[in-house]
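run-v6.pdb (PDB, C-alpha atoms) appears below.
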ATOM      1  CA  MET A   7      88.902 110.636  74.357
ATOM      2  CA  ILE A   8      91.155 113.275  75.871
ATOM      3  CA  LYS A   9      90.388 115.199  79.042
ATOM      4  CA  PHE A  10      92.266 117.988  80.713
ATOM      5  CA  ARG A  11      92.468 118.000  84.492
ATOM      6  CA  ILE A  12      94.883 119.233  87.115
ATOM      7  CA  TYR A  13      95.234 117.088  90.207
ATOM      8  CA  PHE A  14      97.539 117.653  93.149
ATOM      9  CA  ASP A  15      95.936 114.967  95.291
ATOM     10  CA  LYS A  16      96.611 111.435  94.041
ATOM     11  CA  ASP A  17      93.738 109.974  96.081
ATOM     12  CA  GLU A  18      91.272 112.267  94.277
ATOM     13  CA  GLU A  19      92.907 111.457  90.959
ATOM     14  CA  GLU A  20      92.601 107.697  91.608
ATOM     15  CA  LYS A  21      88.940 108.131  92.451
ATOM     16  CA  TRP A  22      88.342 109.971  89.179
ATOM     17  CA  LEU A  23      90.165 107.315  87.102
ATOM     18  CA  LYS A  24      88.018 104.597  88.724
ATOM     19  CA  GLU A  25      84.895 106.628  87.967
ATOM     20  CA  MET A  26      85.972 106.973  84.324
ATOM     21  CA  SER A  27      86.570 103.210  84.133
ATOM     22  CA  ASN A  28      83.115 102.590  85.598
ATOM     23  CA  ASN A  29      81.719 104.778  82.817
ATOM     24  CA  GLY A  30      83.529 102.700  80.192
ATOM     25  CA  TRP A  31      86.679 104.789  79.742
ATOM     26  CA  ALA A  32      90.050 103.179  80.470
ATOM     27  CA  PHE A  33      92.889 105.607  81.205
ATOM     28  CA  ARG A  34      95.910 105.028  78.951
ATOM     29  CA  LYS A  35      98.309 107.954  79.054
ATOM     30  CA  PHE A  36      99.068 111.152  80.928
ATOM     31  CA  PHE A  37     100.954 114.188  79.746
ATOM     32  CA  LEU A  38     100.986 117.615  81.428
ATOM     33  CA  GLY A  39      97.390 117.487  82.598
ATOM     34  CA  PHE A  40      96.054 115.702  79.518
ATOM     35  CA  TYR A  41      94.511 112.304  80.161
ATOM     36  CA  TYR A  42      94.030 110.003  77.203
ATOM     37  CA  PHE A  43      91.246 107.402  77.503
ATOM     38  CA  GLU A  44      90.213 104.351  75.493
ATOM     39  CA  ALA A  45      86.807 102.684  75.490
ATOM     40  CA  CYS A  46      86.532  99.665  77.801
ATOM     41  CA  GLU A  47      83.905  97.505  79.456
ATOM     42  CA  PRO A  48      82.316  99.539  82.263
ATOM     43  CA  GLY A  49      84.297  98.887  85.456
ATOM     44  CA  GLU A  50      86.892  96.774  83.653
ATOM     45  CA  TYR A  51      89.892  98.239  85.497
ATOM     46  CA  ASN A  52      90.950  99.448  88.915
ATOM     47  CA  TYR A  53      93.551 102.189  89.062
ATOM     48  CA  GLN A  54      96.233 103.083  91.588
ATOM     49  CA  ILE A  55      98.836 105.849  91.557
ATOM     50  CA  ASP A  56     102.253 105.419  93.129
ATOM     51  CA  LEU A  57     105.253 107.661  93.716
ATOM     52  CA  LEU A  58     108.690 106.161  93.009
ATOM     53  CA  ASP A  59     111.264 106.595  95.758
ATOM     54  CA  ASN A  60     114.014 107.834  93.414
ATOM     55  CA  TRP A  61     114.272 111.319  91.920
ATOM     56  CA  GLY A  62     115.542 109.994  88.592
ATOM     57  CA  GLY A  63     112.191 108.329  87.876
ATOM     58  CA  ASP A  64     113.941 105.014  87.150
ATOM     59  CA  LYS A  65     111.198 102.430  87.053
ATOM     60  CA  ASP A  66     112.537  99.393  85.125
ATOM     61  CA  GLU A  67     112.977  97.115  88.122
ATOM     62  CA  TYR A  68     109.760  98.328  89.725
ATOM     63  CA  ALA A  69     107.782  97.837  86.508
ATOM     64  CA  ALA A  70     109.178  94.326  85.960
ATOM     65  CA  PHE A  71     108.189  93.404  89.520
ATOM     66  CA  MET A  72     104.655  94.740  89.045
ATOM     67  CA  GLU A  73     104.158  92.982  85.683
ATOM     68  CA  ASP A  74     105.299  89.709  87.311
ATOM     69  CA  ILE A  75     102.503  89.911  89.868
ATOM     70  CA  GLY A  76      99.875  90.859  87.333
ATOM     71  CA  VAL A  77      99.775  94.638  87.699
ATOM     72  CA  GLU A  78     100.046  96.731  84.551
ATOM     73  CA  VAL A  79     102.122  99.908  84.514
ATOM     74  CA  VAL A  80      99.975 102.184  82.363
ATOM     75  CA  SER A  81     101.762 105.502  82.333
ATOM     76  CA  GLN A  82     104.550 107.414  84.001
ATOM     77  CA  TRP A  83     105.061 111.080  84.617
ATOM     78  CA  TRP A  84     108.464 111.676  86.191
ATOM     79  CA  ARG A  85     108.216 109.962  89.600
ATOM     80  CA  TRP A  86     104.485 109.325  89.368
ATOM     81  CA  ILE A  87     103.353 105.911  88.166
ATOM     82  CA  TYR A  88      99.854 104.948  87.020
ATOM     83  CA  LEU A  89      98.993 101.304  87.546
ATOM     84  CA  ARG A  90      95.941  99.216  86.772
ATOM     85  CA  LYS A  91      94.570  95.761  87.252
ATOM     86  CA  LYS A  92      91.495  94.099  85.804
ATOM     87  CA  THR A  93      88.629  94.185  88.288
ATOM     88  CA  ALA A  94      87.938  90.515  87.445
ATOM     89  CA  ASP A  95      91.433  89.600  88.748
ATOM     90  CA  GLY A  96      90.552  90.602  92.288
ATOM     91  CA  PRO A  97      90.836  93.656  94.543
ATOM     92  CA  PHE A  98      93.620  96.127  93.857
ATOM     93  CA  GLU A  99      95.201  98.204  96.583
ATOM     94  CA  MET A 100      98.903  99.041  96.354
ATOM     95  CA  TYR A 101      99.499  99.594 100.059
ATOM     96  CA  THR A 102      97.843  97.338 102.600
ATOM     97  CA  ASP A 103      99.503  97.977 105.941
ATOM     98  CA  ALA A 104      99.989 101.035 108.119
ATOM     99  CA  GLN A 105     103.770 101.100 107.798
ATOM    100  CA  SER A 106     103.883 101.078 104.000
ATOM    101  CA  LYS A 107     101.085 103.669 103.831
ATOM    102  CA  ILE A 108     103.079 105.902 106.171
ATOM    103  CA  GLU A 109     106.108 105.481 103.903
ATOM    104  CA  LEU A 110     104.026 106.354 100.827
ATOM    105  CA  TYR A 111     102.547 109.521 102.337
ATOM    106  CA  SER A 112     105.972 110.532 103.666
ATOM    107  CA  ARG A 113     107.362 110.234 100.132
ATOM    108  CA  ILE A 114     104.504 112.319  98.752
ATOM    109  CA  LYS A 115     104.943 114.877 101.518
ATOM    110  CA  SER A 116     108.642 115.406 100.893
ATOM    111  CA  PHE A 117     108.014 115.546  97.123
ATOM    112  CA  PHE A 118     105.547 118.407  97.593
ATOM    113  CA  LEU A 119     107.711 120.128 100.226
ATOM    114  CA  ILE A 120     110.459 120.510  97.626
ATOM    115  CA  LEU A 121     107.913 121.643  95.040
ATOM    116  CA  LEU A 122     106.626 124.189  97.564
ATOM    117  CA  GLY A 123     110.153 125.516  98.098
ATOM    118  CA  VAL A 124     110.563 126.032  94.345
ATOM    119  CA  GLU A 125     107.105 127.656  94.054
ATOM    120  CA  ILE A 126     107.843 130.069  96.911
ATOM    121  CA  MET A 127     111.081 131.097  95.207
ATOM    122  CA  CYS A 128     109.178 131.701  91.944
ATOM    123  CA  PHE A 129     106.542 133.631  93.876
ATOM    124  CA  PHE A 130     109.072 136.130  95.206
ATOM    125  CA  ILE A 131     110.818 136.455  91.831
ATOM    126  CA  GLU A 132     107.453 137.276  90.195
ATOM    127  CA  LEU A 133     106.465 139.583  93.045
ATOM    128  CA  LYS A 134     109.697 141.519  92.715
ATOM    129  CA  ALA A 135     109.210 141.760  88.943
ATOM    130  CA  ALA A 136     105.601 142.908  89.418
ATOM    131  CA  ILE A 137     106.540 145.639  91.887
ATOM    132  CA  SER A 138     109.585 146.944  90.043
ATOM    133  CA  SER A 139     108.031 146.907  86.559
ATOM    134  CA  GLY A 140     104.419 147.604  87.455
ATOM    135  CA  TYR A 141     103.197 145.278  84.672
ATOM    136  CA  TYR A 142      99.900 143.517  85.315
ATOM    137  CA  VAL A 143     101.114 140.344  83.658
ATOM    138  CA  TYR A 144     103.699 139.819  86.418
ATOM    139  CA  GLY A 145     101.046 140.556  88.989
ATOM    140  CA  PHE A 146      98.815 137.921  87.391
ATOM    141  CA  PHE A 147     101.557 135.295  87.606
ATOM    142  CA  THR A 148     102.347 136.292  91.178
ATOM    143  CA  VAL A 149      98.739 135.600  92.164
ATOM    144  CA  LEU A 150      98.667 132.356  90.144
ATOM    145  CA  ILE A 151     101.847 131.023  91.750
ATOM    146  CA  GLY A 152     100.581 132.131  95.157
ATOM    147  CA  LEU A 153      97.426 130.069  94.590
ATOM    148  CA  ILE A 154      99.462 127.022  93.527
ATOM    149  CA  CYS A 155     101.509 127.420  96.742
ATOM    150  CA  LEU A 156      98.295 127.273  98.753
ATOM    151  CA  VAL A 157      97.079 124.148  96.946
ATOM    152  CA  VAL A 158     100.445 122.431  97.459
ATOM    153  CA  LEU A 159     100.408 123.469 101.111
ATOM    154  CA  ARG A 160      96.988 121.839 101.455
ATOM    155  CA  VAL A 161      98.297 118.552  99.997
ATOM    156  CA  ILE A 162     101.276 118.618 102.384
ATOM    157  CA  TRP A 163      98.961 119.262 105.296
ATOM    158  CA  LYS A 164      96.698 116.385 104.212
ATOM    159  CA  CYS A 165      99.676 113.993 103.981
ATOM    160  CA  LYS A 166     100.827 115.077 107.425
ATOM    161  CA  TRP A 167      97.346 114.463 108.804
ATOM    162  CA  LYS A 168      97.139 111.010 107.174
ATOM    163  CA  ILE A 169     100.563 110.015 108.531
ATOM    164  CA  GLU A 170      99.494 111.014 112.044
ATOM    165  CA  GLN A 171      96.210 109.083 111.684
ATOM    166  CA  LEU A 172      98.073 105.968 110.517
ATOM    167  CA  LYS A 173     100.620 106.245 113.326
ATOM    168  CA  SER A 174      97.910 106.405 115.959
ATOM    169  CA  GLU A 175      96.184 103.393 114.371
ATOM    170  CA  GLU A 176      99.427 101.442 114.429
ATOM    171  CA  ILE A 177      99.912 101.714 118.196
TER     172      ILE A 177
ATOM    173  CA  MET B  11     117.005  93.165 119.897
ATOM    174  CA  ASP B  12     116.711  96.173 117.620
ATOM    175  CA  ASN B  13     115.242  94.141 114.790
ATOM    176  CA  THR B  14     112.121  92.964 116.540
ATOM    177  CA  PRO B  15     109.159  93.219 116.672
ATOM    178  CA  LEU B  16     108.753  92.600 112.962
ATOM    179  CA  THR B  17     105.773  93.980 111.114
ATOM    180  CA  GLU B  18     103.253  91.352 110.122
ATOM    181  CA  ALA B  19     104.142  91.857 106.444
ATOM    182  CA  VAL B  20     107.865  91.296 107.064
ATOM    183  CA  PHE B  21     107.185  88.281 109.290
ATOM    184  CA  TYR B  22     105.108  86.538 106.643
ATOM    185  CA  ILE B  23     107.396  87.497 103.757
ATOM    186  CA  LEU B  24     110.357  85.913 105.572
ATOM    187  CA  LEU B  25     108.259  82.819 106.156
ATOM    188  CA  ALA B  26     107.201  82.670 102.510
ATOM    189  CA  VAL B  27     110.811  82.800 101.249
ATOM    190  CA  ARG B  28     112.116  79.961 103.460
ATOM    191  CA  THR B  29     112.347  78.253 100.069
ATOM    192  CA  PRO B  30     112.893  80.337  96.887
ATOM    193  CA  ASN B  31     109.738  82.198  95.963
ATOM    194  CA  HIS B  32     108.736  84.987  93.568
ATOM    195  CA  GLY B  33     106.523  88.034  94.167
ATOM    196  CA  TYR B  34     103.233  86.507  93.122
ATOM    197  CA  GLY B  35     104.034  83.297  94.995
ATOM    198  CA  ILE B  36     104.702  85.255  98.194
ATOM    199  CA  ILE B  37     101.332  87.025  97.983
ATOM    200  CA  GLN B  38      99.534  83.714  97.351
ATOM    201  CA  GLU B  39     101.283  81.838 100.139
ATOM    202  CA  VAL B  40     100.805  84.555 102.757
ATOM    203  CA  SER B  41      97.147  84.794 101.827
ATOM    204  CA  GLU B  42      96.731  81.005 102.169
ATOM    205  CA  MET B  43      98.627  80.856 105.488
ATOM    206  CA  THR B  44      96.371  83.535 106.989
ATOM    207  CA  LYS B  45      93.174  82.287 105.300
ATOM    208  CA  GLY B  46      92.902  85.536 103.351
ATOM    209  CA  ARG B  47      93.375  87.840 106.336
ATOM    210  CA  VAL B  48      96.736  89.207 105.163
ATOM    211  CA  VAL B  49      96.741  90.019 101.451
ATOM    212  CA  LEU B  50      99.902  91.970 100.661
ATOM    213  CA  GLY B  51      99.442  94.898  98.293
ATOM    214  CA  PRO B  52     101.944  95.070  95.410
ATOM    215  CA  GLY B  53     103.454  98.323  96.710
ATOM    216  CA  THR B  54     103.698  97.031 100.271
ATOM    217  CA  LEU B  55     105.433  93.861  99.045
ATOM    218  CA  TYR B  56     107.807  95.741  96.726
ATOM    219  CA  GLY B  57     108.870  98.179  99.460
ATOM    220  CA  ALA B  58     109.342  95.388 102.000
ATOM    221  CA  ILE B  59     111.420  93.291  99.586
ATOM    222  CA  GLN B  60     113.649  96.266  98.738
ATOM    223  CA  SER B  61     114.339  96.975 102.402
ATOM    224  CA  LEU B  62     114.894  93.270 103.210
ATOM    225  CA  LEU B  63     117.405  93.057 100.346
ATOM    226  CA  ILE B  64     119.269  96.080 101.726
ATOM    227  CA  LYS B  65     119.302  94.568 105.227
ATOM    228  CA  LYS B  66     120.484  91.276 103.645
ATOM    229  CA  TRP B  67     117.738  89.304 105.379
ATOM    230  CA  ILE B  68     116.794  87.928 101.965
ATOM    231  CA  CYS B  69     118.714  87.700  98.686
ATOM    232  CA  LEU B  70     118.035  87.085  95.028
ATOM    233  CA  TYR B  71     117.917  83.376  94.317
ATOM    234  CA  SER B  72     117.889  83.482  90.549
ATOM    235  CA  GLU B  73     117.898  86.178  87.980
ATOM    236  CA  ASP B  74     117.717  84.763  84.511
ATOM    237  CA  LYS B  75     117.508  87.759  82.215
ATOM    238  CA  GLU B  76     117.555  85.669  79.022
ATOM    239  CA  SER B  77     114.403  83.715  79.698
ATOM    240  CA  ARG B  78     112.597  86.630  81.412
ATOM    241  CA  LYS B  79     111.973  84.296  84.319
ATOM    242  CA  LYS B  80     110.417  85.852  87.401
ATOM    243  CA  LYS B  81     112.878  86.969  90.066
ATOM    244  CA  GLU B  82     112.992  84.645  93.036
ATOM    245  CA  TYR B  83     113.994  85.562  96.575
ATOM    246  CA  VAL B  84     115.245  83.384  99.415
ATOM    247  CA  ILE B  85     115.949  83.962 103.115
ATOM    248  CA  THR B  86     119.607  84.388 104.212
ATOM    249  CA  PRO B  87     121.184  82.926 107.394
ATOM    250  CA  LEU B  88     120.970  86.448 108.906
ATOM    251  CA  GLY B  89     117.270  86.612 107.992
ATOM    252  CA  LYS B  90     116.715  83.215 109.641
ATOM    253  CA  ASP B  91     118.356  84.451 112.865
ATOM    254  CA  VAL B  92     116.138  87.520 112.949
ATOM    255  CA  PHE B  93     113.074  85.400 112.250
ATOM    256  CA  LEU B  94     113.911  82.926 115.031
ATOM    257  CA  ASP B  95     114.519  85.798 117.477
ATOM    258  CA  GLU B  96     111.059  87.065 116.650
ATOM    259  CA  VAL B  97     109.537  83.607 117.121
ATOM    260  CA  ARG B  98     111.175  83.421 120.585
ATOM    261  CA  ARG B  99     109.730  86.843 121.459
ATOM    262  CA  LEU B 100     106.264  85.792 120.273
ATOM    263  CA  ASN B 101     106.516  82.545 122.290
ATOM    264  CA  GLU B 102     107.344  84.539 125.394
ATOM    265  CA  LEU B 103     104.241  86.664 124.810
ATOM    266  CA  LEU B 104     102.107  83.537 124.504
ATOM    267  CA  ILE B 105     103.577  81.856 127.585
ATOM    268  CA  ASN B 106     102.978  84.972 129.676
ATOM    269  CA  ALA B 107      99.454  85.314 128.303
ATOM    270  CA  LYS B 108      98.734  81.710 129.262
ATOM    271  CA  LYS B 109      99.912  82.367 132.831
ATOM    272  CA  LEU B 110      97.307  85.084 133.037
ATOM    273  CA  SER B 111      94.510  82.845 131.796
ATOM    274  CA  GLU B 112      95.554  80.144 134.294
ATOM    275  CA  GLU B 113      94.977  82.701 137.023
ATOM    276  CA  GLY B 114      91.443  82.949 135.716
ATOM    277  CA  ILE B 115      91.596  86.450 134.230
TER     278      ILE B 115
END
Step by step, read the file and then write its structure as structure tokens.
Amino acid sequence: MIKFRIYFDKDEEEKWLKEMSNNGWAFRKFFLGFYYFEACEPGEYNYQIDLLDNWGGDKDEYAAFMEDIGVEVVSQWWRWIYLRKKTADGPFEMYTDAQSKIELYSRIKSFFLILLGVEIMCFFIELKAAISSGYYVYGFFTVLIGLICLVVLRVIWKCKWKIEQLKSEEI
Amino acid sequence: MDNTPLTEAVFYILLAVRTPNHGYGIIQEVSEMTKGRVVLGPGTLYGAIQSLLIKKWICLYSEDKESRKKKEYVITPLGKDVFLDEVRRLNELLINAKKLSEEGI
């Protein structure tokens, strides 16, 4: 089964993948918003999503480490890694202490900050094109990119909020 | 000391690699030592190991690519020093706490 979804929030995405697994659909592959699922026993797998700390998306060492401790690397999309573990093999949470959670959300935050910078640049390029040409199609893209900027801004804000929560818990 | 206090994860990882140990072994041992209170997540453990390798508090013990054997890590003399500093700090905390309880608080 293939489903199309767009997620900016990895926590929401994780929740959805767990829901799908509970309904008997195991996530296998991701490509540009398309999620490919295979049939599985209901609730067979737990899913987690991680963000690599390098911009090259080099995951060989990371993946070998995860496989060694019984975590399967299911799919990769650039720096984003989809991992799963059989529910029968015990609980599955990638990050278990405040410090490593802070590091994770800081990584996600700076990832989206750079994305936001690029989106804002695109926004002004489209806006300029829309005004100077007067074509509706440029106007449409200007609005679309503007909306994406807002969504990305929301994710950044959420990460910032989570980091602050975790820091206050740590003290 | 700049290095202390250690996070609980780092403290127990250093303890678990006093003899060569691999990722899964570290998780198991820390869980046993704390009676299941501290169960290190794979991401938490991976990040901690990477930063401990950079700080040279631990090093790779064996890396046998041919046999696809699991990577093992072991504490370095520098790591031992840091760990013992932390133990001294924790002892001081305990001794001072005991003084308080002797005063009946």
Chain A residues near chain B within 7 Å, closest pair each, using all atoms listed in the file, as a Markdown table:
| residue | atom | partner | partner_atom | distance |
| --- | --- | --- | --- | --- |
| A:Met72 | CA | B:Pro52 | CA | 6.9 |
| A:Asp74 | CA | B:Lys80 | CA | 6.4 |
| A:Ile75 | CA | B:Tyr34 | CA | 4.8 |
| A:Glu99 | CA | B:Gly51 | CA | 5.6 |
| A:Met100 | CA | B:Gly51 | CA | 4.6 |
| A:Tyr101 | CA | B:Thr54 | CA | 4.9 |
| A:Thr102 | CA | B:Gly51 | CA | 5.2 |
| A:Ser106 | CA | B:Thr54 | CA | 5.5 |
Task: Close residues, stretch 99-102 of chain B itself excluded, 12 Å, all atoms listed in the file, min 6 positions apart in chain, as a PyMOL selection string - done: chain B and resi 11+13-16+18+21+92-93+108-109
Let's have the selection written as a short mmCIF file (atom, residue, chain, number, x, y, z; two decimals), keeping the file's coordinate frame, with C-alpha atoms.
data_model
loop_
_atom_site.label_atom_id
_atom_site.label_comp_id
_atom_site.auth_asym_id
_atom_site.auth_seq_id
_atom_site.Cartn_x
_atom_site.Cartn_y
_atom_site.Cartn_z
CA MET B 11 117.00 93.16 119.90
CA ASN B 13 115.24 94.14 114.79
CA THR B 14 112.12 92.96 116.54
CA PRO B 15 109.16 93.22 116.67
CA LEU B 16 108.75 92.60 112.96
CA GLU B 18 103.25 91.35 110.12
CA PHE B 21 107.18 88.28 109.29
CA VAL B 92 116.14 87.52 112.95
CA PHE B 93 113.07 85.40 112.25
CA LYS B 108 98.73 81.71 129.26
CA LYS B 109 99.91 82.37 132.83
#
TODO: Name all residues at most 7 Å from A:Tyr51 (count all atoms listed in the file; drop same-chain ones fewer than 4 positions away) and give them as a list in words.
DONE: Ser27, Arg90, Lys91, Lys92 and Thr93 of chain A
Just to be explicit: take each residue in the selection above, keep C-alpha atoms, and write the result as a CSV table (one decimal), in the coordinates of the input.
chain,number,residue,atom,x,y,z
A,27,SER,CA,86.6,103.2,84.1
A,90,ARG,CA,95.9,99.2,86.8
A,91,LYS,CA,94.6,95.8,87.3
A,92,LYS,CA,91.5,94.1,85.8
A,93,THR,CA,88.6,94.2,88.3
Open item on the list: Can you tell me which residues surround A:Glu109 at a distance of at most 12 Å, considering all atoms listed in the file, apart from same-chain residues fewer than 2 positions away, and format the answer as a ChimeraX atom specification?
Closed with: /A:56-59,101-107,111-116,165-166,168-170,172-173 /B:53-54,57-58,61
Open item on the list: Assuming the chain letters and numbering stay as they are in my file, what does the PyMOL selection byres ((chain B and resi 29) around 10) actually select? List them as number ranges by chain.
Closed with: B: 24-28, 30-31, 71, 82-85
With C-alpha atoms kept, could you save the residues just selected as a PDB file, in the coordinates of the input?
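Dumped to selection.pdb:
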ATOM      1  CA  LEU B  24     110.357  85.913 105.572  1.00  0.00           C
ATOM      2  CA  LEU B  25     108.259  82.819 106.156  1.00  0.00           C
ATOM      3  CA  ALA B  26     107.201  82.670 102.510  1.00  0.00           C
ATOM      4  CA  VAL B  27     110.811  82.800 101.249  1.00  0.00           C
ATOM      5  CA  ARG B  28     112.116  79.961 103.460  1.00  0.00           C
ATOM      6  CA  PRO B  30     112.893  80.337  96.887  1.00  0.00           C
ATOM      7  CA  ASN B  31     109.738  82.198  95.963  1.00  0.00           C
ATOM      8  CA  TYR B  71     117.917  83.376  94.317  1.00  0.00           C
ATOM      9  CA  GLU B  82     112.992  84.645  93.036  1.00  0.00           C
ATOM     10  CA  TYR B  83     113.994  85.562  96.575  1.00  0.00           C
ATOM     11  CA  VAL B  84     115.245  83.384  99.415  1.00  0.00           C
ATOM     12  CA  ILE B  85     115.949  83.962 103.115  1.00  0.00           C
TER      13      ILE B  85
END
Open item on the list: Report, in Å to a single decimal, how far apart atom CA of A:Asn28 and atom CA of A:Ala94 are.
Closed with: 13.1 Å
Task: atom CA of A:Thr148 to atom CA of A:Val161, distance in Å rounded to a single decimal - done: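 Taking atom CA of A:Thr148 and atom CA of A:Val161, their separation equals 20.2 Å.
Atom pair atom CA of A:Phe98 / atom CA of A:Ile55 has a distance of 11.3 Å (rounded to one decimal).
Among the candidates A:Phe14, A:Tyr142, A:Tyr53, A:Phe40, the one nearest to A:Arg160 when counting only C-alpha atoms is A:Phe14.
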To test the calculation: enclose all listed atoms of stretch 127-139 of chain A in a box whose edges run along x, y and z, add 4 Å on each side, then state centre and edge lengths in Å to one decimal, as JSON.
{"center_x": 108.3, "center_y": 139.0, "center_z": 90.9, "size_x": 13.5, "size_y": 23.8, "size_z": 16.6}
Using the chain letters and numbers from the file, give me the residues hit by the PyMOL selection byres ((chain A and resi 149-155) around 7), as a PDB file with C-alpha atoms, in the coordinates of the input.
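Contents of out.pdb, freshly written:
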ATOM      1  CA  LEU A 122     106.626 124.189  97.564  1.00  0.00           C
ATOM      2  CA  GLU A 125     107.105 127.656  94.054  1.00  0.00           C
ATOM      3  CA  ILE A 126     107.843 130.069  96.911  1.00  0.00           C
ATOM      4  CA  PHE A 129     106.542 133.631  93.876  1.00  0.00           C
ATOM      5  CA  GLY A 145     101.046 140.556  88.989  1.00  0.00           C
ATOM      6  CA  PHE A 146      98.815 137.921  87.391  1.00  0.00           C
ATOM      7  CA  PHE A 147     101.557 135.295  87.606  1.00  0.00           C
ATOM      8  CA  THR A 148     102.347 136.292  91.178  1.00  0.00           C
ATOM      9  CA  LEU A 156      98.295 127.273  98.753  1.00  0.00           C
ATOM     10  CA  VAL A 157      97.079 124.148  96.946  1.00  0.00           C
ATOM     11  CA  VAL A 158     100.445 122.431  97.459  1.00  0.00           C
ATOM     12  CA  LEU A 159     100.408 123.469 101.111  1.00  0.00           C
TER      13      LEU A 159
END
TODO: Taking the file above as input, evaluate the PyMOL selection byres ((chain B and resi 65-67) around 6) and report the hits as a list of chain:residue names.
DONE: B:Leu62, B:Leu63, B:Ile64, B:Ile68, B:Thr86, B:Leu88, B:Gly89
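Among the candidates A:Arg85, A:Arg11, A:Lys134, A:Lys164, the residue lying nearest to A:Tyr68 is A:Arg85 (atoms considered: only C-alpha atoms).
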